[in-house]
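Coordinates as given in target_23.cif (mmCIF, C-alpha atoms):
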```
data_run
#
loop_
_atom_site.label_atom_id
_atom_site.label_comp_id
_atom_site.auth_asym_id
_atom_site.auth_seq_id
_atom_site.Cartn_x
_atom_site.Cartn_y
_atom_site.Cartn_z
CA MET J 1 3.62 -18.94 7.47
CA PRO J 2 0.70 -18.86 5.06
CA THR J 3 1.44 -19.37 1.37
CA PRO J 4 0.96 -16.56 -1.17
CA GLU J 5 -2.17 -18.36 -2.35
CA GLN J 6 -3.59 -18.37 1.19
CA MET J 7 -2.88 -14.67 1.64
CA ILE J 8 -4.47 -13.81 -1.71
CA ALA J 9 -7.47 -15.94 -0.73
CA ALA J 10 -7.79 -13.95 2.51
CA VAL J 11 -7.98 -10.72 0.49
CA HIS J 12 -10.64 -12.21 -1.76
CA GLY J 13 -12.49 -13.41 1.34
CA TYR J 14 -12.43 -9.86 2.65
CA VAL J 15 -13.92 -8.56 -0.61
CA ALA J 16 -16.55 -11.31 -0.53
CA ALA J 17 -17.49 -10.46 3.07
CA PHE J 18 -18.30 -6.90 1.98
CA ASP J 19 -20.21 -8.18 -1.05
CA ALA J 20 -22.32 -10.33 1.27
CA GLY J 21 -22.60 -7.68 4.00
CA ASP J 22 -21.28 -10.34 6.38
CA ALA J 23 -19.26 -8.68 9.16
CA GLU J 24 -18.64 -12.02 10.87
CA ALA J 25 -16.95 -13.36 7.74
CA ALA J 26 -14.61 -10.36 7.79
CA VAL J 27 -13.89 -10.76 11.52
CA ALA J 28 -13.04 -14.43 10.99
CA LEU J 29 -10.04 -13.41 8.84
CA PHE J 30 -8.40 -11.68 11.81
CA ALA J 31 -6.42 -12.99 14.77
CA GLU J 32 -8.16 -12.65 18.15
CA ASP J 33 -5.79 -9.85 19.16
CA ALA J 34 -5.48 -8.22 15.74
CA THR J 35 -5.24 -4.46 15.25
CA VAL J 36 -7.09 -2.54 12.54
CA GLU J 37 -5.85 1.01 11.85
CA ASP J 38 -8.35 2.37 9.32
CA PRO J 39 -7.39 4.97 8.26
CA VAL J 40 -3.75 5.07 9.32
CA GLY J 41 -3.36 7.89 11.84
CA THR J 42 -6.53 7.05 13.78
CA PRO J 43 -6.71 4.89 16.93
CA ALA J 44 -6.53 1.18 16.15
CA LYS J 45 -9.46 -1.11 16.69
CA ILE J 46 -8.07 -3.97 18.81
CA GLY J 47 -9.48 -7.49 19.01
CA HIS J 48 -12.50 -9.23 17.55
CA ASP J 49 -15.15 -7.22 19.42
CA GLU J 50 -13.90 -3.82 18.30
CA ILE J 51 -13.22 -5.12 14.80
CA ARG J 52 -16.75 -6.57 14.56
CA THR J 53 -18.28 -3.24 15.61
CA PHE J 54 -16.19 -1.45 13.01
CA TYR J 55 -17.08 -3.74 10.10
CA THR J 56 -20.74 -3.91 11.05
CA ALA J 57 -20.91 -0.11 10.83
CA SER J 58 -18.88 -0.05 7.61
CA MET J 59 -21.12 -2.57 5.92
CA GLN J 60 -24.25 -0.67 6.95
CA THR J 61 -23.19 2.01 4.44
CA GLY J 62 -23.51 -0.63 1.71
CA ALA J 63 -19.77 -0.44 1.12
CA LYS J 64 -18.45 -2.76 -1.58
CA ILE J 65 -14.78 -3.32 -2.42
CA HIS J 66 -13.51 -3.28 -6.01
CA LEU J 67 -9.90 -4.46 -6.29
CA GLN J 68 -7.58 -2.47 -8.55
CA GLY J 69 -4.73 -4.53 -9.94
CA PRO J 70 -3.04 -7.59 -8.46
CA VAL J 71 -2.55 -8.24 -4.76
CA ARG J 72 1.10 -7.63 -3.81
CA VAL J 73 2.28 -10.53 -1.65
CA GLY J 74 5.46 -10.97 0.37
CA GLU J 75 6.58 -13.36 3.09
CA ASP J 76 3.93 -12.37 5.63
CA TYR J 77 1.89 -9.65 3.96
CA ALA J 78 -0.60 -8.75 1.29
CA ALA J 79 -0.95 -5.19 -0.04
CA PHE J 80 -3.80 -4.23 -2.31
CA ALA J 81 -5.37 -1.18 -3.94
CA PHE J 82 -9.10 -0.84 -4.27
CA GLN J 83 -12.04 1.49 -4.56
CA VAL J 84 -14.83 1.41 -2.00
CA ARG J 85 -18.26 2.31 -3.33
CA LEU J 86 -20.84 3.21 -0.71
CA ASN J 87 -23.85 5.34 0.12
CA TRP J 88 -23.02 8.36 2.26
CA GLU J 89 -25.87 10.62 3.35
CA GLY J 90 -27.99 9.39 0.47
CA LYS J 91 -25.31 9.87 -2.19
CA SER J 92 -23.23 7.31 -4.02
CA SER J 93 -19.63 7.92 -3.09
CA THR J 94 -16.23 6.39 -3.68
CA VAL J 95 -13.06 6.13 -1.63
CA ASP J 96 -9.73 5.01 -3.08
CA VAL J 97 -7.79 3.00 -0.50
CA ILE J 98 -4.66 0.88 -0.15
CA ASP J 99 -4.69 -1.78 2.57
CA ILE J 100 -1.81 -3.71 4.09
CA PHE J 101 -2.56 -7.05 5.78
CA ARG J 102 0.16 -8.58 7.98
CA PHE J 103 -0.38 -12.27 8.69
CA ASN J 104 0.58 -14.42 11.66
CA ALA J 105 1.85 -18.00 11.42
CA ASP J 106 -1.73 -19.31 11.47
CA GLY J 107 -2.63 -17.34 8.37
CA LYS J 108 -4.80 -14.87 10.25
CA VAL J 109 -4.49 -11.11 9.77
CA ALA J 110 -2.61 -9.80 12.82
CA LYS J 111 -2.37 -6.18 11.68
CA MET J 112 -4.33 -4.22 9.11
CA GLU J 113 -3.56 -0.70 7.93
CA ALA J 114 -5.76 1.30 5.53
CA TYR J 115 -4.20 4.22 3.68
CA PHE J 116 -6.45 7.02 2.42
CA GLY J 117 -7.37 10.61 3.19
CA PRO J 118 -9.67 13.47 2.20
CA THR J 119 -8.24 13.72 -1.33
CA ASN J 120 -9.35 10.13 -1.97
CA PHE J 121 -13.10 10.70 -1.66
CA GLY J 122 -15.17 11.18 -4.78
CA ALA J 123 -18.68 11.00 -6.19
CA ALA J 124 -19.59 7.78 -7.96
CA SER J 125 -19.88 8.21 -11.69
CA MET Z 1 3.74 18.78 7.84
CA PRO Z 2 3.68 18.75 4.05
CA THR Z 3 0.34 19.32 2.33
CA PRO Z 4 -1.37 16.57 0.33
CA GLU Z 5 -0.29 18.40 -2.83
CA GLN Z 6 3.35 18.37 -1.72
CA MET Z 7 3.22 14.64 -0.96
CA ILE Z 8 1.59 13.87 -4.30
CA ALA Z 9 4.25 16.01 -5.99
CA ALA Z 10 6.95 13.96 -4.25
CA VAL Z 11 5.47 10.77 -5.72
CA HIS Z 12 5.39 12.34 -9.17
CA GLY Z 13 8.98 13.49 -8.65
CA TYR Z 14 9.92 9.92 -7.85
CA VAL Z 15 8.30 8.69 -11.09
CA ALA Z 16 10.05 11.48 -13.04
CA ALA Z 17 13.42 10.56 -11.53
CA PHE Z 18 13.05 7.02 -12.92
CA ASP Z 19 11.89 8.39 -16.28
CA ALA Z 20 15.04 10.52 -16.43
CA GLY Z 21 17.31 7.81 -14.99
CA ASP Z 22 18.37 10.43 -12.43
CA ALA Z 23 19.26 8.67 -9.16
CA GLU Z 24 20.24 11.97 -7.53
CA ALA Z 25 16.74 13.36 -8.14
CA ALA Z 26 15.30 10.34 -6.34
CA VAL Z 27 17.76 10.66 -3.44
CA ALA Z 28 16.85 14.34 -3.04
CA LEU Z 29 13.29 13.33 -2.06
CA PHE Z 30 14.57 11.53 1.04
CA ALA Z 31 15.66 12.76 4.47
CA GLU Z 32 19.38 12.37 5.22
CA ASP Z 33 18.67 9.53 7.65
CA ALA Z 34 15.80 7.97 5.71
CA THR Z 35 15.23 4.22 5.52
CA VAL Z 36 14.24 2.36 2.36
CA GLU Z 37 12.89 -1.19 2.82
CA ASP Z 38 12.46 -2.49 -0.72
CA PRO Z 39 11.00 -5.06 -0.71
CA VAL Z 40 9.56 -5.21 2.81
CA GLY Z 41 11.26 -8.08 4.64
CA THR Z 42 14.78 -7.25 3.39
CA PRO Z 43 17.37 -5.16 5.26
CA ALA Z 44 16.68 -1.43 4.97
CA LYS Z 45 18.95 0.89 3.08
CA ILE Z 46 19.76 3.69 5.54
CA GLY Z 47 20.82 7.22 4.62
CA HIS Z 48 21.59 9.01 1.37
CA ASP Z 49 24.70 7.00 0.44
CA GLU Z 50 23.01 3.60 0.65
CA ILE Z 51 19.86 4.95 -0.98
CA ARG Z 52 21.90 6.44 -3.85
CA THR Z 53 23.64 3.12 -4.46
CA PHE Z 54 20.29 1.36 -4.48
CA TYR Z 55 18.60 3.70 -6.94
CA THR Z 56 21.63 3.88 -9.20
CA ALA Z 57 21.52 0.09 -9.55
CA SER Z 58 17.74 0.07 -9.98
CA MET Z 59 17.84 2.64 -12.74
CA GLN Z 60 20.60 0.77 -14.56
CA THR Z 61 17.95 -1.87 -15.37
CA GLY Z 62 16.05 0.82 -17.28
CA ALA Z 63 13.24 0.60 -14.74
CA LYS Z 64 10.33 2.98 -15.34
CA ILE Z 65 7.38 3.50 -13.00
CA HIS Z 66 3.79 3.52 -14.24
CA LEU Z 67 1.32 4.68 -11.58
CA GLN Z 68 -1.91 2.70 -11.22
CA GLY Z 69 -4.76 4.77 -9.81
CA PRO Z 70 -4.65 7.77 -7.52
CA VAL Z 71 -2.05 8.35 -4.81
CA ARG Z 72 -3.60 7.69 -1.39
CA VAL Z 73 -2.62 10.53 0.94
CA GLY Z 74 -3.03 10.93 4.70
CA GLU Z 75 -1.59 13.24 7.31
CA ASP Z 76 2.03 12.22 6.82
CA TYR Z 77 1.99 9.57 4.12
CA ALA Z 78 1.46 8.73 0.49
CA ALA Z 79 0.61 5.19 -0.65
CA PHE Z 80 0.62 4.31 -4.34
CA ALA Z 81 0.28 1.31 -6.62
CA PHE Z 82 2.38 1.01 -9.75
CA GLN Z 83 3.95 -1.29 -12.27
CA VAL Z 84 7.69 -1.24 -12.86
CA ARG Z 85 8.81 -2.11 -16.39
CA LEU Z 86 12.44 -3.02 -16.78
CA ASN Z 87 14.96 -5.13 -18.63
CA TRP Z 88 16.07 -8.20 -16.71
CA GLU Z 89 18.70 -10.44 -18.29
CA GLY Z 90 17.78 -9.16 -21.73
CA LYS Z 91 14.04 -9.61 -21.31
CA SER Z 92 11.32 -7.02 -20.77
CA SER Z 93 9.79 -7.69 -17.38
CA THR Z 94 7.20 -6.17 -15.09
CA VAL Z 95 6.82 -5.98 -11.33
CA ASP Z 96 3.62 -4.86 -9.62
CA VAL Z 97 4.44 -2.91 -6.46
CA ILE Z 98 2.78 -0.83 -3.76
CA ASP Z 99 4.95 1.79 -2.03
CA ILE Z 100 4.35 3.66 1.20
CA PHE Z 101 6.18 6.97 1.74
CA ARG Z 102 6.19 8.42 5.28
CA PHE Z 103 7.12 12.10 5.37
CA ASN Z 104 8.86 14.19 8.02
CA ALA Z 105 7.92 17.76 8.93
CA ASP Z 106 10.21 19.11 6.20
CA GLY Z 107 8.32 17.20 3.51
CA LYS Z 108 11.15 14.72 2.94
CA VAL Z 109 10.53 10.97 2.81
CA ALA Z 110 11.72 9.58 6.16
CA LYS Z 111 10.64 5.98 5.56
CA MET Z 112 9.85 4.09 2.40
CA GLU Z 113 8.41 0.58 2.19
CA ALA Z 114 7.90 -1.34 -1.05
CA TYR Z 115 5.45 -4.25 -1.04
CA PHE Z 116 5.85 -6.99 -3.64
CA GLY Z 117 6.99 -10.59 -3.95
CA PRO Z 118 7.64 -13.42 -6.41
CA THR Z 119 4.00 -13.62 -7.53
CA ASN Z 120 4.22 -10.00 -8.71
CA PHE Z 121 6.80 -10.54 -11.46
CA GLY Z 122 5.66 -10.95 -15.03
CA ALA Z 123 6.75 -10.73 -18.64
CA ALA Z 124 5.99 -7.47 -20.42
CA SER Z 125 3.29 -7.80 -23.03
#
```
For this file, produce the structure as structure tokens.
Amino acid sequence: MPTPEQMIAAVHGYVAAFDAGDAEAAVALFAEDATVEDPVGTPAKIGHDEIRTFYTASMQTGAKIHLQGPVRVGEDYAAFAFQVRLNWEGKSSTVDVIDIFRFNADGKVAKMEAYFGPTNFGAAS
Amino acid sequence: MPTPEQMIAAVHGYVAAFDAGDAEAAVALFAEDATVEDPVGTPAKIGHDEIRTFYTASMQTGAKIHLQGPVRVGEDYAAFAFQVRLNWEGKSSTVDVIDIFRFNADGKVAKMEAYFGPTNFGAAS
């Protein structure tokens, strides 16, 4: 299994991918057959192609990720709270999200879940 | 299903139960057959009796819950980041945790998962 340091580095790599607008860097964190359920309750994106399409579209909104507090790390997971800041229909907006990454033995994200809903959207101050 | 307001109220009720040291108030938030996996990766506590035993022991450490940021709420879940402050072997300690509550149609917590690990323990400042 990956070490805590490796899992924390994957989270920081995810943040950096958004900072750079680099969808491929985000995709590279995931296993080939990974699932991304974002938000939880919607159909999962499955595999690199669907995940790439998803992150390419996400990053086109200019979305940036601002971590809130430490990454919570267990044997095979990282959980982290953050605020997304993006442009939505010409307005600066925010979304407060909690993500769970589940890692495989190779240190790749095998399963991602993003928790947020309508109450978590706001206008950027 | 419960409304977002009801799910947020359940989280605040959970915090209040710790503030009051009232294990029964915490148990009352859960379905009779609920599962509590705390931390994720350990055997789940199943049902009110096991959950009561667990929270009674937790609260005997003087643990209090300090929410960090807004509760993330979807169709049937609440996700929230917090810091636990407690006394551990005579020392003030902290644990940074993210919890996921999954609700049933009656608005009771059917499944709880707590995400944290060794890197999330600290000394209280």
Minimum-distance residue to Pro4 (chain J), chosen among J:Arg52, J:Asp19, J:Ala79, J:Ala44 (using all atoms listed in the file):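 Distance minimum relative to Pro4 (chain J) lands on J:Ala79.
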Which residue of Z:Glu37, Z:Asp99, Z:Glu50, Z:Glu89 approaches Val73 (chain Z) most closely, using all atoms listed in the file: Z:Asp99
6 Å contact set for Lys108 (chain J), all atoms listed in the file, chain neighbours under 3 positions out, as JSON, numbers by chain: {"J": [29, 30, 31, 103, 104]}
Between CA of Glu32 (chain Z) and CA of Pro118 (chain J) - distance in Å to one decimal: 29.2 Å
Expansion of the PyMOL selection byres ((chain J) within 6 of (chain Z)) into residues, as a PyMOL selection string: chain J and resi 72-74+116-117
Residues within 12 Å of Ile51 (chain Z), only C-alpha atoms, excluding chain neighbours under 2 positions, as a ChimeraX atom specification: /Z:23-38,44-49,53-58,109-112
Target residues per the PyMOL selection byres ((chain Z and resi 63) around 6), formatted as JSON, numbers by chain: {"Z": [59, 61, 62, 64, 85, 86]}
d(CA of Met7 (chain Z), CA of Leu67 (chain Z)) in Å: 14.7 Å
Separation of CA of Thr94 (chain Z) from CA of Gly122 (chain Z) in Å: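 Computed distance, CA of Gly122 (chain Z) to CA of Thr94 (chain Z), equals 5.0 Å.
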Nearest residue to Lys91 (chain Z) from the set Z:Ile8, Z:Val15, Z:Ala124, Z:Met1 (distances using all atoms listed in the file):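 Checking each candidate against Lys91 (chain Z), we get Z:Ala124 as the closest.
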From J:Ser92, J:Ile65, J:Glu113, J:Ala105, residue lying nearest Ala17 (chain J) [all atoms listed in the file]: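 Answer, going by the shortest atom-to-atom distance: J:Ile65.
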Distance criterion (only C-alpha atoms): nearest to Asp106 (chain J) out of J:Gly90, J:Pro2, J:Gly21, J:Pro43: J:Pro2
